[in-house]
Amino acid sequence: SAVISQKPSRDICQRGTSLTIQCQVDSQVTMMFWYRQQPGQSLTLIATANQGSEATYESGFVIDKFPISRPNLTFSTLTVSNMSPEDSSIYLCSTERTGLNYGYTFGSGTRLTVV
Amino acid sequence: AQSVTQLGSHVSVSEGALVLLRCNYSSSVPPYLFWYVQYPNQGLQLLLKYTSAATLVKGINGFEAEFKKSETSFHLTKPSAHMSDAAEYFCAVSEAQGTGFQKLVFGTGTRLLVSP
């Protein structure tokens with residue numbers, strides 16, 4: 001199954017700045033998903049990214065705040081823009097595995113603290 | 001839209017006792033169902049999944065779950081809890097999208113506490 005390398009693993013950022021999170025997959029995948037996990041909460045899907053097209057955002061998330069790039073079938077980035085303390089969360093990327101071993105693979109997450 | 005309900009934000013058991021974590025989903029068609037575990041300061045690890053094969057699914061670390069369509073449930077069990085099982089557990093259901101892929105919808109999570 002695919003392995004995802006996600007970085008940075010953690011960061012502390014000043015409010016008003018932006019952070020770009022990268023996910024590299026060791027095989028080609030069609031869809032990549034970006035999740036947010038706020039402190040003590042479950043995972044919420046931010047957006048779905050297909051290579052070559054604009055990401056599809058879930059209700060409550062907008063492209064200006066969370067721009068996503070998907071330049072090829074093995075890589076994606078999520079930027080958290082104009083950060084505020086409310087953006088302090090764990091951000092995770094994920095891919096869907098199709099076929100006999102259907103399921104999802106997750107990156108190890110980026111723990112973001114905004115001060 | 002799919003939804004997942006996990007009853008009990010916290011479950012406490014003694015070491016050696018039965019673990020039962022409840023999960024109910026809303027779906028009119030048989031979904032794919034997953035249980036993930038998250039240890040402190042770590043990412044998500046897949047425990048087990050149901051993908052329309054056997055209704056009793058065995059996973060890692062001695063966990064298993066039974067898919068009951070009539071009850072729309074997928075409860076997670078382990079006969080004997082170990083201290084190392086203390087973690088956050090998430091139930092998730094896949095939701096088909098019009099473009100052919102499926103996205104995961106997560107429950108709110110249950111924190112399992114194991115006492116000596």
# chains A, B, ... in the order shown; residues from 1 in each chain; ligands from 1
>>> interface_residues(of="chain A", to="chain B", cutoff="9 Å", atoms="only C-alpha atoms", output="list in words")
Thr30, Met31, Phe33, Gln41, Ser42, Leu43, Thr44, Leu45, Thr48, Leu92, Glu96, Thr98, Tyr102, Gly103, Tyr104, Thr105, Phe106, Gly107, Ser108, Gly109 and Arg111 of chain A
>>> residues_around(residues="stretch 67-74 of chain A", least_positions_apart="3", cutoff="7 Å", atoms="only C-alpha atoms", output="MDAnalysis selection string")
chainID A and resid 24:30 49:52 55 63:64 77:79
>>> write_last_selection(atoms="all heavy atoms", output="compact mmCIF listing (two decimals), in the first residue's frame")
# COMPACT_ATOMS: atom_id res chain seq x y z
N GLN A 24 4.03 13.78 0.16
CA GLN A 24 4.62 13.05 -0.95
C GLN A 24 4.21 11.59 -0.83
O GLN A 24 4.43 10.98 0.22
CB GLN A 24 6.15 13.17 -0.92
CG GLN A 24 6.87 12.40 -2.01
CD GLN A 24 6.73 13.07 -3.36
OE1 GLN A 24 7.00 14.25 -3.53
NE2 GLN A 24 6.31 12.29 -4.36
N VAL A 25 3.64 11.04 -1.89
CA VAL A 25 3.20 9.65 -1.89
C VAL A 25 4.18 8.83 -2.72
O VAL A 25 4.68 9.32 -3.75
CB VAL A 25 1.78 9.51 -2.46
CG1 VAL A 25 1.25 8.09 -2.24
CG2 VAL A 25 0.83 10.52 -1.85
N ASP A 26 4.44 7.61 -2.30
CA ASP A 26 5.45 6.81 -3.00
C ASP A 26 4.89 6.08 -4.21
O ASP A 26 5.59 5.27 -4.83
CB ASP A 26 6.12 5.82 -2.04
CG ASP A 26 5.16 4.74 -1.56
OD1 ASP A 26 3.95 4.86 -1.79
OD2 ASP A 26 5.64 3.77 -0.94
N SER A 27 3.64 6.34 -4.56
CA SER A 27 3.04 5.78 -5.77
C SER A 27 2.00 6.76 -6.28
O SER A 27 1.58 7.67 -5.57
CB SER A 27 2.41 4.41 -5.50
OG SER A 27 1.41 4.52 -4.51
N GLN A 28 1.60 6.58 -7.52
CA GLN A 28 0.63 7.50 -8.10
C GLN A 28 -0.77 7.22 -7.55
O GLN A 28 -1.20 6.07 -7.50
CB GLN A 28 0.63 7.35 -9.63
CG GLN A 28 1.94 7.80 -10.27
CD GLN A 28 1.89 7.77 -11.78
OE1 GLN A 28 1.07 7.06 -12.36
NE2 GLN A 28 2.74 8.55 -12.42
N VAL A 29 -1.44 8.27 -7.15
CA VAL A 29 -2.79 8.15 -6.61
C VAL A 29 -3.67 9.19 -7.27
O VAL A 29 -3.22 10.29 -7.60
CB VAL A 29 -2.81 8.32 -5.07
CG1 VAL A 29 -2.07 7.19 -4.39
CG2 VAL A 29 -2.24 9.66 -4.66
N THR A 30 -4.92 8.85 -7.43
CA THR A 30 -5.85 9.77 -8.09
C THR A 30 -6.26 10.90 -7.16
O THR A 30 -6.11 12.07 -7.47
CB THR A 30 -7.09 9.02 -8.59
OG1 THR A 30 -6.68 7.96 -9.46
CG2 THR A 30 -8.03 9.95 -9.32
N ALA A 49 -8.44 16.72 -3.44
CA ALA A 49 -7.61 17.24 -4.52
C ALA A 49 -7.36 16.17 -5.56
O ALA A 49 -6.81 15.11 -5.27
CB ALA A 49 -6.28 17.73 -3.94
N ASN A 50 -7.76 16.48 -6.78
CA ASN A 50 -7.52 15.61 -7.93
C ASN A 50 -6.48 16.27 -8.81
O ASN A 50 -6.50 17.49 -8.99
CB ASN A 50 -8.82 15.41 -8.70
CG ASN A 50 -8.72 14.30 -9.72
OD1 ASN A 50 -7.67 13.67 -9.85
ND2 ASN A 50 -9.79 14.06 -10.44
N GLN A 51 -5.56 15.49 -9.33
CA GLN A 51 -4.50 16.06 -10.13
C GLN A 51 -5.05 16.74 -11.37
O GLN A 51 -5.90 16.17 -12.07
CB GLN A 51 -3.50 14.97 -10.53
CG GLN A 51 -2.23 15.51 -11.17
CD GLN A 51 -2.29 15.53 -12.69
OE1 GLN A 51 -3.03 14.78 -13.29
NE2 GLN A 51 -1.51 16.41 -13.30
N GLY A 52 -4.61 17.95 -11.62
CA GLY A 52 -5.00 18.65 -12.83
C GLY A 52 -6.28 19.44 -12.73
O GLY A 52 -6.70 20.04 -13.73
N ALA A 55 -9.17 21.92 -6.37
CA ALA A 55 -9.64 21.12 -5.25
C ALA A 55 -11.11 21.41 -4.97
O ALA A 55 -11.61 22.50 -5.26
CB ALA A 55 -8.79 21.40 -4.02
N ILE A 63 -11.04 28.32 -0.46
CA ILE A 63 -9.75 28.24 -1.13
C ILE A 63 -8.81 29.36 -0.70
O ILE A 63 -7.60 29.15 -0.61
CB ILE A 63 -9.95 28.24 -2.66
CG1 ILE A 63 -8.63 27.97 -3.38
CG2 ILE A 63 -10.59 29.53 -3.12
CD1 ILE A 63 -8.77 27.74 -4.86
N ASP A 64 -9.33 30.54 -0.41
CA ASP A 64 -8.46 31.63 -0.01
C ASP A 64 -7.75 31.34 1.30
O ASP A 64 -6.64 31.80 1.53
CB ASP A 64 -9.27 32.93 0.12
CG ASP A 64 -9.72 33.46 -1.23
OD1 ASP A 64 -9.21 32.97 -2.26
OD2 ASP A 64 -10.60 34.35 -1.26
N THR A 77 0.15 19.89 -1.76
CA THR A 77 0.42 20.81 -0.66
C THR A 77 -0.87 21.46 -0.20
O THR A 77 -1.79 21.68 -1.00
CB THR A 77 1.42 21.91 -1.04
OG1 THR A 77 0.83 22.78 -1.99
CG2 THR A 77 2.72 21.34 -1.57
N LEU A 78 -0.91 21.76 1.08
CA LEU A 78 -1.99 22.53 1.69
C LEU A 78 -1.36 23.73 2.37
O LEU A 78 -0.40 23.56 3.14
CB LEU A 78 -2.75 21.70 2.73
CG LEU A 78 -3.74 22.46 3.61
CD1 LEU A 78 -5.03 22.76 2.83
CD2 LEU A 78 -4.07 21.68 4.87
N THR A 79 -1.85 24.91 2.08
CA THR A 79 -1.36 26.11 2.74
C THR A 79 -2.42 26.62 3.70
O THR A 79 -3.60 26.71 3.33
CB THR A 79 -1.00 27.21 1.72
OG1 THR A 79 0.04 26.72 0.86
CG2 THR A 79 -0.53 28.47 2.42
>>> residues_around(residues="B:Asp85", least_positions_apart="3", cutoff="12 Å", atoms="only C-alpha atoms", output="ChimeraX atom specification")
/B:11-19,37-40,47,60-63,77-82,88-89,111-115
>>> write_last_selection(atoms="C-alpha atoms", output="PDB file, in the first residue's frame")
ATOM      1  CA  VAL B  11     -14.841   4.541  28.012  1.00  0.00           C
ATOM      2  CA  SER B  12     -13.024   3.242  31.068  1.00  0.00           C
ATOM      3  CA  VAL B  13     -12.158  -0.396  31.609  1.00  0.00           C
ATOM      4  CA  SER B  14      -9.885  -2.375  33.865  1.00  0.00           C
ATOM      5  CA  GLU B  15      -6.968  -4.279  32.454  1.00  0.00           C
ATOM      6  CA  GLY B  16      -8.200  -7.704  31.374  1.00  0.00           C
ATOM      7  CA  ALA B  17     -11.815  -6.594  30.970  1.00  0.00           C
ATOM      8  CA  LEU B  18     -13.868  -6.627  27.801  1.00  0.00           C
ATOM      9  CA  VAL B  19     -13.575  -3.581  25.575  1.00  0.00           C
ATOM     10  CA  VAL B  37      -6.662   4.139  16.529  1.00  0.00           C
ATOM     11  CA  GLN B  38      -4.675   7.226  17.414  1.00  0.00           C
ATOM     12  CA  TYR B  39      -2.082   7.053  20.154  1.00  0.00           C
ATOM     13  CA  PRO B  40      -1.029  10.287  21.844  1.00  0.00           C
ATOM     14  CA  LEU B  47      -7.337  -1.350  13.140  1.00  0.00           C
ATOM     15  CA  ILE B  60      -4.746  -5.988  14.635  1.00  0.00           C
ATOM     16  CA  ASN B  61      -3.947  -6.143  18.352  1.00  0.00           C
ATOM     17  CA  GLY B  62      -6.795  -8.592  19.067  1.00  0.00           C
ATOM     18  CA  PHE B  63      -9.599  -6.239  18.065  1.00  0.00           C
ATOM     19  CA  THR B  77     -14.572  -5.255  20.729  1.00  0.00           C
ATOM     20  CA  LYS B  78     -11.574  -6.839  22.387  1.00  0.00           C
ATOM     21  CA  PRO B  79     -11.951  -9.674  24.888  1.00  0.00           C
ATOM     22  CA  SER B  80      -9.237  -8.518  27.262  1.00  0.00           C
ATOM     23  CA  ALA B  81      -7.960  -4.957  27.543  1.00  0.00           C
ATOM     24  CA  HIS B  82      -4.284  -4.208  27.854  1.00  0.00           C
ATOM     25  CA  GLU B  88      -8.396   7.462  20.921  1.00  0.00           C
ATOM     26  CA  TYR B  89     -10.518   5.309  18.626  1.00  0.00           C
ATOM     27  CA  ARG B 111     -11.066   7.767  24.325  1.00  0.00           C
ATOM     28  CA  LEU B 112     -10.335   4.399  25.895  1.00  0.00           C
ATOM     29  CA  LEU B 113      -8.900   4.524  29.386  1.00  0.00           C
ATOM     30  CA  VAL B 114      -7.414   1.345  30.869  1.00  0.00           C
ATOM     31  CA  SER B 115      -6.751   1.102  34.570  1.00  0.00           C
TER      32      SER B 115
END
>>> select_by_dssp(residues="stretch 11-114 of chain A", states="strand (DSSP E)", output="ChimeraX atom specification")
/A:11-13,19-25,31-37,43-50,56-57,68-72,75-80,89-97,103-106,110-114
>>> atom_distance(atom1="atom CA of A:Gln14", atom2="atom CA of A:Val114")
5.7 Å
>>> select_by_dssp(residues="chain B", states="helix (DSSP H, G or I)", output="short mmCIF file (atom, residue, chain, number, x, y, z; two decimals) with N, CA and C atoms, in the first residue's frame")
data_model
loop_
_atom_site.label_atom_id
_atom_site.label_comp_id
_atom_site.auth_asym_id
_atom_site.auth_seq_id
_atom_site.Cartn_x
_atom_site.Cartn_y
_atom_site.Cartn_z
N ILE B 60 -6.02 -5.84 13.93
CA ILE B 60 -4.75 -5.99 14.64
C ILE B 60 -4.95 -5.86 16.14
N ASN B 61 -3.97 -6.30 16.89
CA ASN B 61 -3.95 -6.14 18.35
C ASN B 61 -5.13 -6.81 19.05
N GLY B 62 -5.72 -7.85 18.43
CA GLY B 62 -6.79 -8.59 19.07
C GLY B 62 -8.17 -7.98 18.96
N LYS B 69 -26.12 -5.03 9.70
CA LYS B 69 -26.89 -4.14 8.83
C LYS B 69 -28.22 -3.76 9.46
N SER B 70 -28.87 -4.70 10.11
CA SER B 70 -30.19 -4.43 10.70
C SER B 70 -30.12 -3.37 11.79
N GLU B 71 -28.97 -3.26 12.43
CA GLU B 71 -28.79 -2.29 13.50
C GLU B 71 -27.95 -1.09 13.04
N MET B 83 -3.07 -2.45 28.94
CA MET B 83 -2.73 -1.05 29.21
C MET B 83 -2.35 -0.31 27.94
N SER B 84 -1.72 -1.01 27.03
CA SER B 84 -1.27 -0.38 25.78
C SER B 84 -2.43 -0.04 24.84
N ASP B 85 -3.64 -0.47 25.17
CA ASP B 85 -4.80 -0.14 24.32
C ASP B 85 -5.33 1.26 24.58
#
>>> closest_residue(among="B:Ala87, B:Ala1, B:Ala65, B:Ala53", to="B:Ser26", atoms="only C-alpha atoms")
B:Ala1
>>> atom_distance(atom1="atom CA of B:Thr5", atom2="atom CA of B:Asn24")
5.1 Å
>>> atom_distance(atom1="atom CA of A:Thr56", atom2="atom CA of B:Val93")
19.3 Å
>>> decode(residues="stretch 60-91 of chain A", atoms="N, CA and C atoms", output="short mmCIF file (atom, residue, chain, number, x, y, z; two decimals), in the first residue's frame")
data_model
loop_
_atom_site.label_atom_id
_atom_site.label_comp_id
_atom_site.auth_asym_id
_atom_site.auth_seq_id
_atom_site.Cartn_x
_atom_site.Cartn_y
_atom_site.Cartn_z
N GLY A 60 -17.68 25.21 4.84
CA GLY A 60 -16.96 25.85 5.92
C GLY A 60 -15.49 26.07 5.63
N PHE A 61 -15.00 25.58 4.53
CA PHE A 61 -13.61 25.76 4.13
C PHE A 61 -13.56 26.44 2.76
N VAL A 62 -12.65 27.40 2.62
CA VAL A 62 -12.56 28.16 1.37
C VAL A 62 -11.14 28.17 0.85
N ILE A 63 -11.04 28.32 -0.46
CA ILE A 63 -9.75 28.24 -1.13
C ILE A 63 -8.81 29.36 -0.70
N ASP A 64 -9.33 30.54 -0.41
CA ASP A 64 -8.46 31.63 -0.01
C ASP A 64 -7.75 31.34 1.30
N LYS A 65 -8.39 30.62 2.17
CA LYS A 65 -7.82 30.30 3.48
C LYS A 65 -6.95 29.03 3.40
N PHE A 66 -7.35 28.08 2.59
CA PHE A 66 -6.66 26.79 2.50
C PHE A 66 -6.36 26.43 1.04
N PRO A 67 -5.52 27.20 0.38
CA PRO A 67 -5.20 26.85 -1.01
C PRO A 67 -4.46 25.52 -1.08
N ILE A 68 -4.79 24.74 -2.08
CA ILE A 68 -4.23 23.40 -2.27
C ILE A 68 -3.64 23.31 -3.66
N SER A 69 -2.49 22.68 -3.74
CA SER A 69 -1.92 22.39 -5.05
C SER A 69 -1.82 20.90 -5.22
N ARG A 70 -1.94 20.46 -6.47
CA ARG A 70 -1.83 19.03 -6.79
C ARG A 70 -1.16 18.96 -8.17
N PRO A 71 0.15 19.23 -8.21
CA PRO A 71 0.83 19.34 -9.51
C PRO A 71 1.00 18.02 -10.24
N ASN A 72 1.02 16.91 -9.51
CA ASN A 72 1.16 15.60 -10.16
C ASN A 72 0.49 14.54 -9.30
N LEU A 73 0.62 13.28 -9.72
CA LEU A 73 -0.12 12.21 -9.06
C LEU A 73 0.53 11.70 -7.77
N THR A 74 1.67 12.29 -7.38
CA THR A 74 2.34 11.81 -6.17
C THR A 74 2.53 12.92 -5.13
N PHE A 75 2.05 14.10 -5.37
CA PHE A 75 2.39 15.22 -4.49
C PHE A 75 1.21 16.17 -4.33
N SER A 76 1.11 16.75 -3.13
CA SER A 76 0.11 17.77 -2.87
C SER A 76 0.58 18.65 -1.74
N THR A 77 0.15 19.89 -1.76
CA THR A 77 0.42 20.81 -0.66
C THR A 77 -0.87 21.46 -0.20
N LEU A 78 -0.91 21.76 1.08
CA LEU A 78 -1.99 22.53 1.69
C LEU A 78 -1.36 23.73 2.37
N THR A 79 -1.85 24.91 2.08
CA THR A 79 -1.36 26.11 2.74
C THR A 79 -2.42 26.62 3.70
N VAL A 80 -2.02 26.91 4.91
CA VAL A 80 -2.90 27.55 5.87
C VAL A 80 -2.52 29.03 5.87
N SER A 81 -3.42 29.88 5.39
CA SER A 81 -3.09 31.28 5.14
C SER A 81 -3.56 32.20 6.25
N ASN A 82 -2.83 33.29 6.42
CA ASN A 82 -3.23 34.33 7.37
C ASN A 82 -3.69 33.69 8.68
N MET A 83 -2.78 32.97 9.29
CA MET A 83 -3.15 32.13 10.42
C MET A 83 -3.55 32.91 11.66
N SER A 84 -4.46 32.33 12.40
CA SER A 84 -4.86 32.82 13.72
C SER A 84 -4.77 31.65 14.69
N PRO A 85 -4.81 31.93 15.99
CA PRO A 85 -4.72 30.83 16.97
C PRO A 85 -5.78 29.74 16.75
N GLU A 86 -6.91 30.11 16.17
CA GLU A 86 -7.97 29.12 15.92
C GLU A 86 -7.56 28.08 14.88
N ASP A 87 -6.52 28.36 14.15
CA ASP A 87 -6.02 27.41 13.15
C ASP A 87 -5.10 26.36 13.77
N SER A 88 -4.81 26.49 15.04
CA SER A 88 -3.96 25.50 15.71
C SER A 88 -4.67 24.15 15.69
N SER A 89 -4.08 23.20 15.02
CA SER A 89 -4.70 21.89 14.79
C SER A 89 -3.65 20.93 14.29
N ILE A 90 -4.07 19.69 14.12
CA ILE A 90 -3.27 18.73 13.37
C ILE A 90 -3.88 18.64 11.98
N TYR A 91 -3.04 18.74 10.98
CA TYR A 91 -3.48 18.64 9.59
C TYR A 91 -2.92 17.34 9.01
#
